[in-house]
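J.: Just work_13.pdb, nothing more (PDB, C-alpha atoms):
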```pdb
ATOM      1  CA  MET A 746       0.000   0.000   0.000
ATOM      2  CA  VAL A 747       1.354   3.409  -0.998
ATOM      3  CA  MET A 748       1.248   6.247   1.494
ATOM      4  CA  PRO A 749      -0.470   9.487   0.366
ATOM      5  CA  LEU A 750       1.759  12.165  -1.108
ATOM      6  CA  ARG A 751       0.850  14.675   1.579
ATOM      7  CA  THR A 752      -0.447  14.789   5.094
ATOM      8  CA  ASN A 753      -3.660  16.731   5.762
ATOM      9  CA  SER A 754      -1.707  19.633   7.173
ATOM     10  CA  SER A 755       1.676  20.909   6.043
ATOM     11  CA  ARG A 756       4.345  18.414   5.029
ATOM     12  CA  LEU A 757       7.229  18.542   7.514
ATOM     13  CA  PHE A 758       9.847  15.872   7.976
ATOM     14  CA  HIS A 759      13.060  15.992   9.958
ATOM     15  CA  ALA A 760      16.314  15.108   8.299
ATOM     16  CA  GLN A 761      18.105  12.062   9.646
ATOM     17  CA  GLY A 762      21.651  12.374   8.396
ATOM     18  CA  GLY A 763      20.444  14.246   5.305
ATOM     19  CA  PRO A 764      19.887  15.861   2.996
ATOM     20  CA  PRO A 765      23.539  16.880   2.690
ATOM     21  CA  GLY A 766      24.320  20.427   3.723
ATOM     22  CA  LEU A 767      21.035  20.977   5.537
ATOM     23  CA  GLY A 768      22.415  20.259   8.976
ATOM     24  CA  GLU A 769      21.619  17.648  11.595
ATOM     25  CA  GLY A 770      18.075  17.897  12.916
ATOM     26  CA  LYS A 771      17.044  20.708  10.547
ATOM     27  CA  PRO A 772      13.523  20.395   9.078
ATOM     28  CA  SER A 773      13.239  18.897   5.587
ATOM     29  CA  PHE A 774      10.155  19.647   3.474
ATOM     30  CA  SER A 775      11.023  17.268   0.624
ATOM     31  CA  ILE A 776      10.190  13.558   0.819
ATOM     32  CA  ASP A 777      12.924  10.924   1.090
ATOM     33  CA  LEU A 778      12.291   8.106  -1.406
ATOM     34  CA  GLY A 779      14.265   5.139  -2.716
ATOM     35  CA  ASP A 780      14.298   1.677  -4.244
ATOM     36  CA  SER A 781      11.036   0.554  -2.654
ATOM     37  CA  SER A 782       9.009   3.744  -2.993
ATOM     38  CA  LEU A 783       9.985   6.090  -5.844
ATOM     39  CA  ASP A 784       8.090   4.287  -8.626
ATOM     40  CA  ALA A 785       4.816   4.255  -6.719
ATOM     41  CA  TYR A 786       5.020   7.917  -5.736
ATOM     42  CA  LEU A 787       5.789   9.046  -9.291
ATOM     43  CA  ALA A 788       2.844   7.039 -10.598
ATOM     44  CA  GLN A 789       0.340   8.757  -8.311
ATOM     45  CA  SER A 790       1.549  12.367  -8.555
ATOM     46  CA  GLU A 791      -1.280  14.229 -10.294
ATOM     47  CA  LEU A 792       0.654  17.099 -11.893
ATOM     48  CA  GLY A 793       4.173  15.688 -11.849
ATOM     49  CA  SER A 794       7.233  15.214  -9.669
ATOM     50  CA  LEU A 795      10.578  16.927  -9.139
ATOM     51  CA  VAL A 796      13.227  14.498  -7.883
ATOM     52  CA  TRP A 797      16.730  15.342  -6.671
ATOM     53  CA  PHE A 798      19.259  12.492  -6.872
ATOM     54  CA  TYR A 799      22.172  13.283  -4.564
ATOM     55  CA  ALA A 800      25.249  11.841  -2.842
ATOM     56  CA  PRO A 801      26.020  12.750   0.793
ATOM     57  CA  TRP A 802      29.704  13.342  -0.044
ATOM     58  CA  CYS A 803      28.976  15.639  -3.014
ATOM     59  CA  ALA A 804      29.974  19.249  -2.314
ATOM     60  CA  HIS A 805      27.645  20.588  -5.017
ATOM     61  CA  CYS A 806      24.726  18.687  -3.470
ATOM     62  CA  LYS A 807      25.493  20.235  -0.092
ATOM     63  CA  ALA A 808      25.571  23.676  -1.682
ATOM     64  CA  MET A 809      22.065  23.331  -3.151
ATOM     65  CA  ALA A 810      20.386  21.567  -0.191
ATOM     66  CA  ALA A 811      18.878  24.654   1.441
ATOM     67  CA  SER A 812      17.609  25.995  -1.895
ATOM     68  CA  TYR A 813      15.927  22.677  -2.697
ATOM     69  CA  GLU A 814      14.166  22.611   0.653
ATOM     70  CA  MET A 815      12.827  26.123  -0.080
ATOM     71  CA  VAL A 816      11.422  24.730  -3.340
ATOM     72  CA  ALA A 817       9.719  21.929  -1.407
ATOM     73  CA  HIS A 818       8.373  24.496   1.058
ATOM     74  CA  ALA A 819       6.868  26.518  -1.811
ATOM     75  CA  PHE A 820       4.861  23.473  -2.961
ATOM     76  CA  MET A 821       4.245  21.742   0.360
ATOM     77  CA  ARG A 822       0.497  22.532   0.473
ATOM     78  CA  ASP A 823      -0.154  21.450  -3.106
ATOM     79  CA  LYS A 824      -1.061  17.758  -2.914
ATOM     80  CA  ARG A 825      -0.874  17.417  -6.698
ATOM     81  CA  ILE A 826       2.914  17.846  -6.902
ATOM     82  CA  LEU A 827       5.697  15.701  -5.473
ATOM     83  CA  ILE A 828       9.019  17.242  -4.418
ATOM     84  CA  ALA A 829      11.331  14.392  -3.456
ATOM     85  CA  LYS A 830      14.956  13.425  -2.997
ATOM     86  CA  VAL A 831      16.859  10.148  -3.345
ATOM     87  CA  ASP A 832      20.229   9.250  -1.828
ATOM     88  CA  ALA A 833      21.580   7.498  -4.915
ATOM     89  CA  THR A 834      24.577   6.084  -3.050
ATOM     90  CA  THR A 835      22.210   4.048  -0.859
ATOM     91  CA  HIS A 836      19.472   3.335  -3.393
ATOM     92  CA  THR A 837      21.727   2.074  -6.180
ATOM     93  CA  ALA A 838      18.991   0.117  -7.953
ATOM     94  CA  THR A 839      17.044   3.357  -8.402
ATOM     95  CA  LYS A 840      20.179   5.154  -9.607
ATOM     96  CA  GLU A 841      20.723   2.527 -12.299
ATOM     97  CA  ARG A 842      17.052   2.285 -13.321
ATOM     98  CA  TYR A 843      16.704   6.048 -13.724
ATOM     99  CA  ASN A 844      20.090   6.471 -15.457
ATOM    100  CA  VAL A 845      21.611   8.796 -12.870
ATOM    101  CA  ASP A 846      25.217   9.306 -13.971
ATOM    102  CA  ALA A 847      26.174  12.451 -12.076
ATOM    103  CA  PHE A 848      25.497  14.276  -8.825
ATOM    104  CA  PRO A 849      23.473  16.287  -8.328
ATOM    105  CA  THR A 850      20.847  15.257 -10.894
ATOM    106  CA  LEU A 851      17.489  17.018 -10.810
ATOM    107  CA  VAL A 852      14.667  15.566 -12.943
ATOM    108  CA  TRP A 853      11.039  16.484 -13.655
ATOM    109  CA  TYR A 854       8.760  13.469 -14.163
ATOM    110  CA  PRO A 855       5.405  14.167 -15.898
ATOM    111  CA  SER A 856       2.006  13.472 -14.365
ATOM    112  CA  ARG A 857       1.536   9.912 -13.092
ATOM    113  CA  TYR A 858       4.825   8.773 -14.629
ATOM    114  CA  ASP A 859       5.096   4.984 -14.873
ATOM    115  CA  GLY A 860       8.243   4.550 -16.935
ATOM    116  CA  SER A 861       6.427   2.862 -19.814
ATOM    117  CA  ALA A 862       7.394   3.352 -23.446
ATOM    118  CA  SER A 863       4.252   5.421 -24.005
ATOM    119  CA  ALA A 864       4.841   7.714 -21.015
ATOM    120  CA  PRO A 865       5.955  11.326 -21.631
ATOM    121  CA  LYS A 866       9.710  11.686 -21.296
ATOM    122  CA  PRO A 867      11.248  13.040 -18.062
ATOM    123  CA  GLU A 868      13.158  16.316 -18.311
ATOM    124  CA  LYS A 869      16.448  17.103 -16.589
ATOM    125  CA  PHE A 870      16.870  20.496 -14.965
ATOM    126  CA  SER A 871      19.952  22.396 -16.119
ATOM    127  CA  GLY A 872      21.588  25.677 -15.231
ATOM    128  CA  ALA A 873      21.941  27.506 -11.934
ATOM    129  CA  ARG A 874      20.124  25.612  -9.187
ATOM    130  CA  THR A 875      18.664  28.616  -7.403
ATOM    131  CA  THR A 876      15.353  28.486  -5.541
ATOM    132  CA  GLU A 877      13.785  30.922  -8.002
ATOM    133  CA  ARG A 878      14.777  28.945 -11.095
ATOM    134  CA  MET A 879      13.731  25.589  -9.655
ATOM    135  CA  VAL A 880      10.321  26.889  -8.555
ATOM    136  CA  ALA A 881       9.812  28.517 -11.960
ATOM    137  CA  PHE A 882      10.822  25.248 -13.653
ATOM    138  CA  VAL A 883       8.125  23.349 -11.750
ATOM    139  CA  ASN A 884       5.499  26.086 -12.218
ATOM    140  CA  GLU A 885       5.961  26.085 -15.990
ATOM    141  CA  ARG A 886       5.667  22.314 -16.303
ATOM    142  CA  ALA A 887       2.870  21.776 -13.806
ATOM    143  CA  GLY A 888       0.852  24.877 -14.704
ATOM    144  CA  THR A 889       1.019  26.097 -11.112
ATOM    145  CA  SER A 890       1.835  29.496  -9.618
ATOM    146  CA  ALA A 891       3.699  28.698  -6.416
ATOM    147  CA  HIS A 892       5.356  31.591  -4.599
ATOM    148  CA  ILE A 893       8.677  31.626  -2.814
ATOM    149  CA  ARG A 894       8.301  32.626   0.802
ATOM    150  CA  GLY A 895       8.332  36.424   1.054
ATOM    151  CA  ALA A 896       7.680  37.016  -2.669
ATOM    152  CA  SER A 897       4.460  38.645  -3.891
ATOM    153  CA  VAL A 898       4.420  36.979  -7.318
ATOM    154  CA  PRO A 899       5.548  33.577  -8.669
ATOM    155  CA  PRO A 900       9.082  33.508 -10.142
ATOM    156  CA  THR A 901       9.556  32.887 -13.861
ATOM    157  CA  LEU A 902      12.512  31.589 -15.827
ATOM    158  CA  THR A 903      12.477  34.843 -17.812
ATOM    159  CA  ASP A 904      12.965  36.839 -14.623
ATOM    160  CA  THR A 905      16.102  34.865 -13.818
ATOM    161  CA  ALA A 906      17.705  35.002 -17.269
ATOM    162  CA  LYS A 907      20.215  37.641 -16.166
ATOM    163  CA  ALA A 908      21.200  35.639 -13.105
ATOM    164  CA  ARG A 909      21.550  32.548 -15.273
ATOM    165  CA  ALA A 910      23.897  34.389 -17.649
ATOM    166  CA  MET A 911      26.010  35.576 -14.734
ATOM    167  CA  GLU A 912      26.284  32.049 -13.334
ATOM    168  CA  ARG A 913      27.283  30.737 -16.755
ATOM    169  CA  MET A 914      29.992  33.381 -17.049
ATOM    170  CA  LYS A 915      31.311  32.525 -13.565
ATOM    171  CA  ALA A 916      31.373  28.830 -14.418
ATOM    172  CA  GLU A 917      33.314  29.476 -17.626
ATOM    173  CA  MET A 918      35.839  31.432 -15.573
ATOM    174  CA  GLY A 919      36.162  28.556 -13.117
ATOM    175  CA  GLY A 920      34.144  30.196 -10.380
ATOM    176  CA  GLY A 921      31.597  27.410  -9.825
ATOM    177  CA  GLY A 922      28.288  28.662  -8.391
ATOM    178  CA  PRO A 923      24.779  27.242  -7.840
ATOM    179  CA  GLY A 924      24.904  25.426 -11.184
ATOM    180  CA  ALA A 925      28.080  23.544 -10.344
ATOM    181  CA  THR A 926      28.172  19.803  -9.767
ATOM    182  CA  ALA A 927      30.671  17.186  -8.571
ATOM    183  CA  SER A 928      32.021  13.915 -10.022
ATOM    184  CA  ILE A 929      30.535  10.582  -8.884
ATOM    185  CA  SER A 930      33.696   8.684  -9.735
ATOM    186  CA  SER A 931      35.925  10.481  -7.254
ATOM    187  CA  PRO A 932      34.030  10.978  -3.982
ATOM    188  CA  SER A 933      35.743  12.663  -1.084
ATOM    189  CA  SER A 934      34.674  14.247   2.150
ATOM    190  CA  SER A 935      35.378  17.707   0.796
ATOM    191  CA  GLY A 936      33.750  17.269  -2.613
ATOM    192  CA  SER A 937      35.431  17.806  -5.959
ATOM    193  CA  LYS A 938      38.396  20.143  -6.363
ATOM    194  CA  PRO A 939      37.793  23.586  -7.907
ATOM    195  CA  LYS A 940      38.828  23.972 -11.531
ATOM    196  CA  SER A 941      41.563  26.405 -12.551
ATOM    197  CA  LYS A 942      40.702  29.325 -14.828
ATOM    198  CA  SER A 943      40.827  28.635 -18.553
ATOM    199  CA  LYS A 944      43.310  30.766 -20.493
ATOM    200  CA  SER A 945      41.687  30.425 -23.907
ATOM    201  CA  LYS A 946      38.231  30.583 -25.463
ATOM    202  CA  SER A 947      38.592  27.082 -26.852
ATOM    203  CA  LYS A 948      39.245  25.642 -23.400
ATOM    204  CA  SER A 949      36.318  27.463 -21.832
ATOM    205  CA  LYS A 950      33.986  26.262 -24.600
ATOM    206  CA  SER A 951      35.076  22.670 -24.104
ATOM    207  CA  LYS A 952      34.330  22.711 -20.373
ATOM    208  CA  SER A 953      33.749  19.145 -19.242
ATOM    209  CA  LYS A 954      30.633  17.851 -17.513
ATOM    210  CA  SER A 955      32.681  17.040 -14.418
ATOM    211  CA  GLU A 956      33.004  20.749 -13.612
ATOM    212  CA  ASP A 957      29.392  20.810 -12.472
ATOM    213  CA  HIS A 958      28.662  17.150 -11.712
ATOM    214  CA  ASP A 959      30.242  14.248  -9.874
ATOM    215  CA  GLU A 960      30.391  11.623 -12.602
ATOM    216  CA  LEU A 961      30.253   7.844 -12.332
TER     217      LEU A 961
END
```
Give the structure from the file, written as structure tokens.
T.:
Amino acid sequence: MVMPLRTNSSRLFHAQGGPPGLGEGKPSFSIDLGDSSLDAYLAQSELGSLVWFYAPWCAHCKAMAASYEMVAHAFMRDKRILIAKVDATTHTATKERYNVDAFPTLVWYPSRYDGSASAPKPEKFSGARTTERMVAFVNERAGTSAHIRGASVPPTLTDTAKARAMERMKAEMGGGGPGATASISSPSSSGSKPKSKSKSKSKSKSKSKSEDHDEL
């Protein structure tokens, strides 16, 4: 039997060793799922699901943890949308089944996704992983108008275009930022090492995926 996506009141869970970067005992508004539960929850989400696949050792995952919980807070009273997270180092079967090859990986799964050949394709989130951009990403795909706490209007991806350009420029200069990721193949307690600045346009254009993900 599958548990309902939401409680009758607000959704509030307490982190137990995660998510990374949130801090021990801090409240977590996103739902922890894994090998035995993710499929069922995706299949019953009315408007769709946003799922964050992370690794506890990933520095980039730690950096985005608080922002992701703010996204979950923005949608916590909407029972039609699932905001979840999966520790892919523990739930390896899920990591393989959903083709997670880097950390962090953030994916939108369409309404009542069942993984069948006829199901609409999932969509990976890319770019700076700020609260505003992630909420706007969900709003545009689910047709919702969730607000970030303290904001008077819903965020849009258009509103954050300038910030996105700035993050891209920082990344090309080796500055990292909210859109950065770490490599899965070389875990360490301190995350992946920062990249040195590129001295030519050709090098900056050929920036590898490992600069913003931890690859397998």
J.: CA of Ala785 (chain A) and CA of Asp859 (chain A) are how many Å apart?
T.: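 About the pair CA of Ala785 (chain A) and CA of Asp859 (chain A): they are 8.2 Å apart.
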J.: For Ala864 (chain A), which residue out of A:Ala838, A:Val880, A:Ala808, A:Ala788 is the nearest one, using all atoms listed in the file?
T.: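 Among A:Ala838, A:Val880, A:Ala808, A:Ala788, it is A:Ala788 that comes nearest to Ala864 (chain A).
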J.: Hey, can you pull every residue with an atom no more than 12 Å from (17.5, 17.5, -19.1), using all atoms listed in the file, and send it as a PDB file with C-alpha atoms, keeping the file's coordinate frame?
T.:
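Wrote it out as out.pdb, contents follow:
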```pdb
ATOM      1  CA  ASN A 844      20.090   6.471 -15.457  1.00  0.00           C
ATOM      2  CA  VAL A 845      21.611   8.796 -12.870  1.00  0.00           C
ATOM      3  CA  THR A 850      20.847  15.257 -10.894  1.00  0.00           C
ATOM      4  CA  LEU A 851      17.489  17.018 -10.810  1.00  0.00           C
ATOM      5  CA  VAL A 852      14.667  15.566 -12.943  1.00  0.00           C
ATOM      6  CA  TRP A 853      11.039  16.484 -13.655  1.00  0.00           C
ATOM      7  CA  TYR A 854       8.760  13.469 -14.163  1.00  0.00           C
ATOM      8  CA  LYS A 866       9.710  11.686 -21.296  1.00  0.00           C
ATOM      9  CA  PRO A 867      11.248  13.040 -18.062  1.00  0.00           C
ATOM     10  CA  GLU A 868      13.158  16.316 -18.311  1.00  0.00           C
ATOM     11  CA  LYS A 869      16.448  17.103 -16.589  1.00  0.00           C
ATOM     12  CA  PHE A 870      16.870  20.496 -14.965  1.00  0.00           C
ATOM     13  CA  SER A 871      19.952  22.396 -16.119  1.00  0.00           C
ATOM     14  CA  GLY A 872      21.588  25.677 -15.231  1.00  0.00           C
ATOM     15  CA  PHE A 882      10.822  25.248 -13.653  1.00  0.00           C
TER      16      PHE A 882
END
```
J.: Which of these residues is nearest to Ala833 (chain A), using only C-alpha atoms: A:Phe820, A:Asp780, A:Ala811, A:Pro855?
T.: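 Comparing A:Phe820, A:Asp780, A:Ala811, A:Pro855 against Ala833 (chain A), the winner is A:Asp780.
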J.: With distances taken over only C-alpha atoms, which residue among A:Met821, A:Met815, A:Ala829, A:Val796 lies nearest Arg878 (chain A)?
T.: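 Counting only C-alpha atoms, the residue closest to Arg878 (chain A) is A:Met815.
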J.: Quick one: everything within 12 Å of Thr876 (chain A), counting all atoms listed in the file, minus sequence neighbours fewer than 2 positions away in the same chain. Send it as a PyMOL selection string.
T.: chain A and resi 808-820+872-874+878-883+891-894+896+899-902+905+908+923-924
J.: Give as a ChimeraX atom specification the residues that the PyMOL selection byres ((chain A and resi 830) around 9) matches when applied to the coordinates above.
T.: /A:764,775-779,795-799,828-829,831-832,851
J.: Identify all residues satisfying the PyMOL selection byres ((chain A and resi 792) around 12) in the given file; provide them as a VMD selection string.
T.: chain A and resid 750 786 to 791 793 to 795 820 823 to 828 853 to 858 883 to 889
